[in-house]
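The next block holds one structure in the form of structure tokens; read it before the comments.
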Amino acid sequence: MIGTFLVEATTPVAVTGEQAVTNLWKALIGAFGHIWTDIIGGNMPNVVNFFATYWVFLLGVIIGLFLIAFKMFEKLMPSR
């Protein structure tokens with residue numbers, strides 16, 4: 001069984017920087033789409049209360065995510 005598994009194993013496919021960024025954006029857009037669907041689906045009072053309570057922490061997280069994404073783009077861009 002282990003021998004069969006090792007024989008049938010395929011080599012991993014290399015992912016380019018462009019594909020990684022594309023996959024990242026697709027995942028982010030999909031996640032925000034699901035979140036937005038939940039908000040429209042009737043959870044708006046809960047969401048408003050959550051943001052009103054924890055806006056200071058959420059602002060830091062959002063800014064941090066933007067900075068991380070910016071650094072990723074900066075590393076993938078060719079140097080001048």
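Residues in the structure tokens are named by chain (A, B, ... in the order shown) and by number from 1 within that chain; ligands are numbered from 1 in the order shown.
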
Test item: residues at most 12 Å from Phe73 in chain A, only C-alpha atoms, excluding those fewer than 5 positions along its chain, as a PyMOL selection string
chain A and resi 17-18+20-22+24-25+66-68+78-79

Just the number, please: distance in Å from CA of Val15 in chain A to CA of Met72 in chain A, one decimal.
14.8 Å

Please identify which residues in chain A DSSP calls alpha helix (DSSP H) from the backbone, and express them as number ranges by chain.
A: 2-8, 17-38, 44-76
